[in-house]
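S.K.: Below is the file protein_4.txt, which contains compact mmCIF, C-alpha atoms.
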# COMPACT_ATOMS: atom_id res chain seq x y z
CA MET A 1 -8.83 -29.24 50.96
CA LYS A 2 -6.66 -26.14 51.07
CA GLU A 3 -3.79 -28.06 49.50
CA LEU A 4 -6.05 -29.32 46.72
CA ALA A 5 -7.38 -25.79 46.11
CA ALA A 6 -3.83 -24.41 46.05
CA TYR A 7 -2.74 -27.17 43.64
CA ARG A 8 -5.69 -26.45 41.31
CA HIS A 9 -5.00 -22.73 41.54
CA ASN A 10 -1.33 -23.32 40.56
CA GLU A 11 -2.39 -25.54 37.64
CA LEU A 12 -4.88 -22.92 36.50
CA LYS A 13 -2.19 -20.21 36.65
CA SER A 14 0.19 -22.48 34.71
CA ALA A 15 -2.45 -23.18 32.07
CA GLN A 16 -3.23 -19.47 31.77
CA SER A 17 0.43 -18.58 31.27
CA ILE A 18 0.78 -21.31 28.62
CA LEU A 19 -2.33 -19.98 26.88
CA GLN A 20 -0.96 -16.42 26.96
CA ARG A 21 2.35 -17.55 25.45
CA GLN A 22 0.51 -19.43 22.72
CA GLN A 23 -1.62 -16.38 21.95
CA GLN A 24 1.50 -14.21 21.75
CA GLU A 25 3.13 -16.71 19.40
CA LEU A 26 0.01 -16.78 17.25
CA GLU A 27 -0.03 -12.98 17.07
CA SER A 28 3.64 -13.01 16.17
CA VAL A 29 3.01 -15.50 13.37
CA LYS A 30 0.10 -13.39 12.06
CA ILE A 31 2.21 -10.24 12.08
CA HIS A 32 5.09 -12.04 10.37
CA SER A 33 2.71 -13.38 7.73
CA GLU A 34 1.31 -9.91 7.06
CA GLU A 35 4.82 -8.46 6.84
CA GLN A 36 5.80 -11.15 4.35
CA LYS A 37 2.78 -10.32 2.18
CA ILE A 38 3.69 -6.65 2.22
CA ILE A 39 7.32 -7.43 1.40
CA ARG A 40 6.29 -9.66 -1.51
CA LYS A 41 3.99 -6.94 -2.83
CA ASP A 42 6.73 -4.32 -2.52
CA LEU A 43 9.25 -6.64 -4.17
CA THR A 44 6.88 -7.25 -7.07
CA GLN A 45 6.39 -3.50 -7.49
CA VAL A 46 10.15 -2.91 -7.41
CA LYS A 47 10.74 -5.64 -9.99
CA GLU A 48 8.11 -4.12 -12.26
CA GLU A 49 9.64 -0.67 -11.86
CA VAL A 50 13.15 -1.98 -12.61
CA SER A 51 11.81 -3.77 -15.66
CA ARG A 52 10.09 -0.60 -16.86
CA VAL A 53 13.21 1.51 -16.33
CA GLN A 54 15.37 -1.05 -18.11
CA LYS A 55 13.04 -1.03 -21.09
CA GLU A 56 13.22 2.76 -21.21
CA THR A 57 16.99 2.87 -20.69
CA PHE A 58 18.07 0.06 -22.98
CA ASN A 59 17.03 1.01 -26.45
CA ASP A 60 18.25 -0.23 -29.79
CA GLU A 61 21.07 2.33 -29.84
CA CYS A 62 22.75 0.64 -26.87
CA PRO A 63 25.26 -1.92 -28.17
CA SER A 64 24.52 -5.46 -27.17
CA LYS A 65 26.91 -7.06 -24.72
CA VAL A 66 26.66 -10.44 -26.39
CA THR A 67 27.25 -9.39 -29.99
CA GLU A 68 30.10 -7.01 -29.19
CA ALA A 69 31.78 -9.49 -26.90
CA GLU A 70 31.63 -12.12 -29.60
CA ASP A 71 32.95 -9.72 -32.25
CA THR A 72 36.16 -8.95 -30.40
CA ALA A 73 39.01 -11.04 -29.18
CA ASN A 74 40.20 -8.25 -26.86
CA PRO A 75 39.37 -9.27 -23.28
CA ASP A 76 39.41 -5.63 -22.15
CA VAL A 77 36.59 -4.76 -24.53
CA ALA A 78 34.48 -7.64 -23.29
CA ARG A 79 35.14 -6.60 -19.70
CA TRP A 80 34.27 -2.95 -20.43
CA ILE A 81 31.05 -3.97 -22.14
CA GLU A 82 30.13 -6.15 -19.20
CA GLU A 83 30.97 -3.39 -16.70
CA ARG A 84 28.95 -0.83 -18.65
CA ASP A 85 25.94 -3.14 -18.86
CA ILE A 86 26.13 -3.95 -15.15
CA LEU A 87 26.27 -0.25 -14.28
CA LEU A 88 23.28 0.46 -16.50
CA GLU A 89 21.32 -2.45 -15.05
CA THR A 90 21.68 -1.05 -11.53
CA GLY A 91 19.56 1.90 -12.56
CA VAL A 92 22.00 4.33 -10.96
CA TYR A 93 23.69 5.19 -14.27
CA THR A 94 22.17 6.22 -17.59
CA GLN A 95 23.57 6.50 -21.10
CA ASN A 96 24.22 10.21 -20.42
CA ASP A 97 26.51 9.67 -17.41
CA PHE A 98 30.17 10.51 -17.86
CA THR A 99 31.36 7.07 -16.73
CA ILE A 100 29.13 5.27 -19.24
CA GLN A 101 30.17 7.62 -22.03
CA GLN A 102 33.84 6.98 -21.27
CA LEU A 103 33.31 3.23 -21.39
CA ASP A 104 31.43 3.58 -24.69
CA GLN A 105 34.31 5.63 -26.13
CA LYS A 106 36.88 3.02 -25.05
CA ILE A 107 34.77 0.23 -26.53
CA LYS A 108 34.25 2.06 -29.83
CA ALA A 109 37.95 2.93 -30.06
CA CYS A 110 38.99 -0.69 -29.59
CA LEU A 111 36.39 -2.03 -32.01
CA LYS A 112 37.54 0.24 -34.86
Can the structure from this file be put into structure tokens for me?
M.R.:
Amino acid sequence: MKELAAYRHNELKSAQSILQRQQQELESVKIHSEEQKIIRKDLTQVKEEVSRVQKETFNDECPSKVTEAEDTANPDVARWIEERDILLETGVYTQNDFTIQQLDQKIKACLK
């Protein structure tokens, strides 16, 4: 009888530890799911903000990368246009930054 009681006690302990692990895994999955929802929400907000900033930054005065690149056969000009547009798209640079103004001057000088 004592052996049977000890065996049942061990099985009960084993079942309890399995149940605890499963509960911990379930909690982990719930937390991960909530984190993913928050990340998606934040990402959506960041994308909207980037889009808004790009619309404000890129106005009609900014030369178009595609049209200028097609108008010139000089590979340097196309590269400068691409570099300028990439820098502007990052949101770190604006049309008023010295680096962007230098690139614009180089582009205009080569296109004349």
S.K.: So the first atom is atom CA of Val53 of chain A and the second is atom CA of Val77 of chain A; what is the distance between them in Å, to one decimal place?
M.R.: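 Atom CA of Val77 of chain A lies 25.6 Å from atom CA of Val53 of chain A.
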S.K.: Measure the distance from atom CA of Leu43 of chain A to atom CA of Glu89 of chain A in Å and round it to one decimal.
M.R.: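 Here the two named atoms are 16.8 Å from each other.
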S.K.: Have a look at atom CA of Thr90 of chain A and atom CA of Lys47 of chain A and let me know their distance in Å, one decimal.
M.R.: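 Computing it gives 12.0 Å between the two atoms.
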S.K.: For each of A:Asn74, A:Thr99, A:Gln16, A:Asn10, take the minimum atom-to-atom distance to Leu87 of chain A, counting all atoms listed in the file, then give the residue where this is smallest.
M.R.: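 Smallest separation from Leu87 of chain A among the options: A:Thr99.
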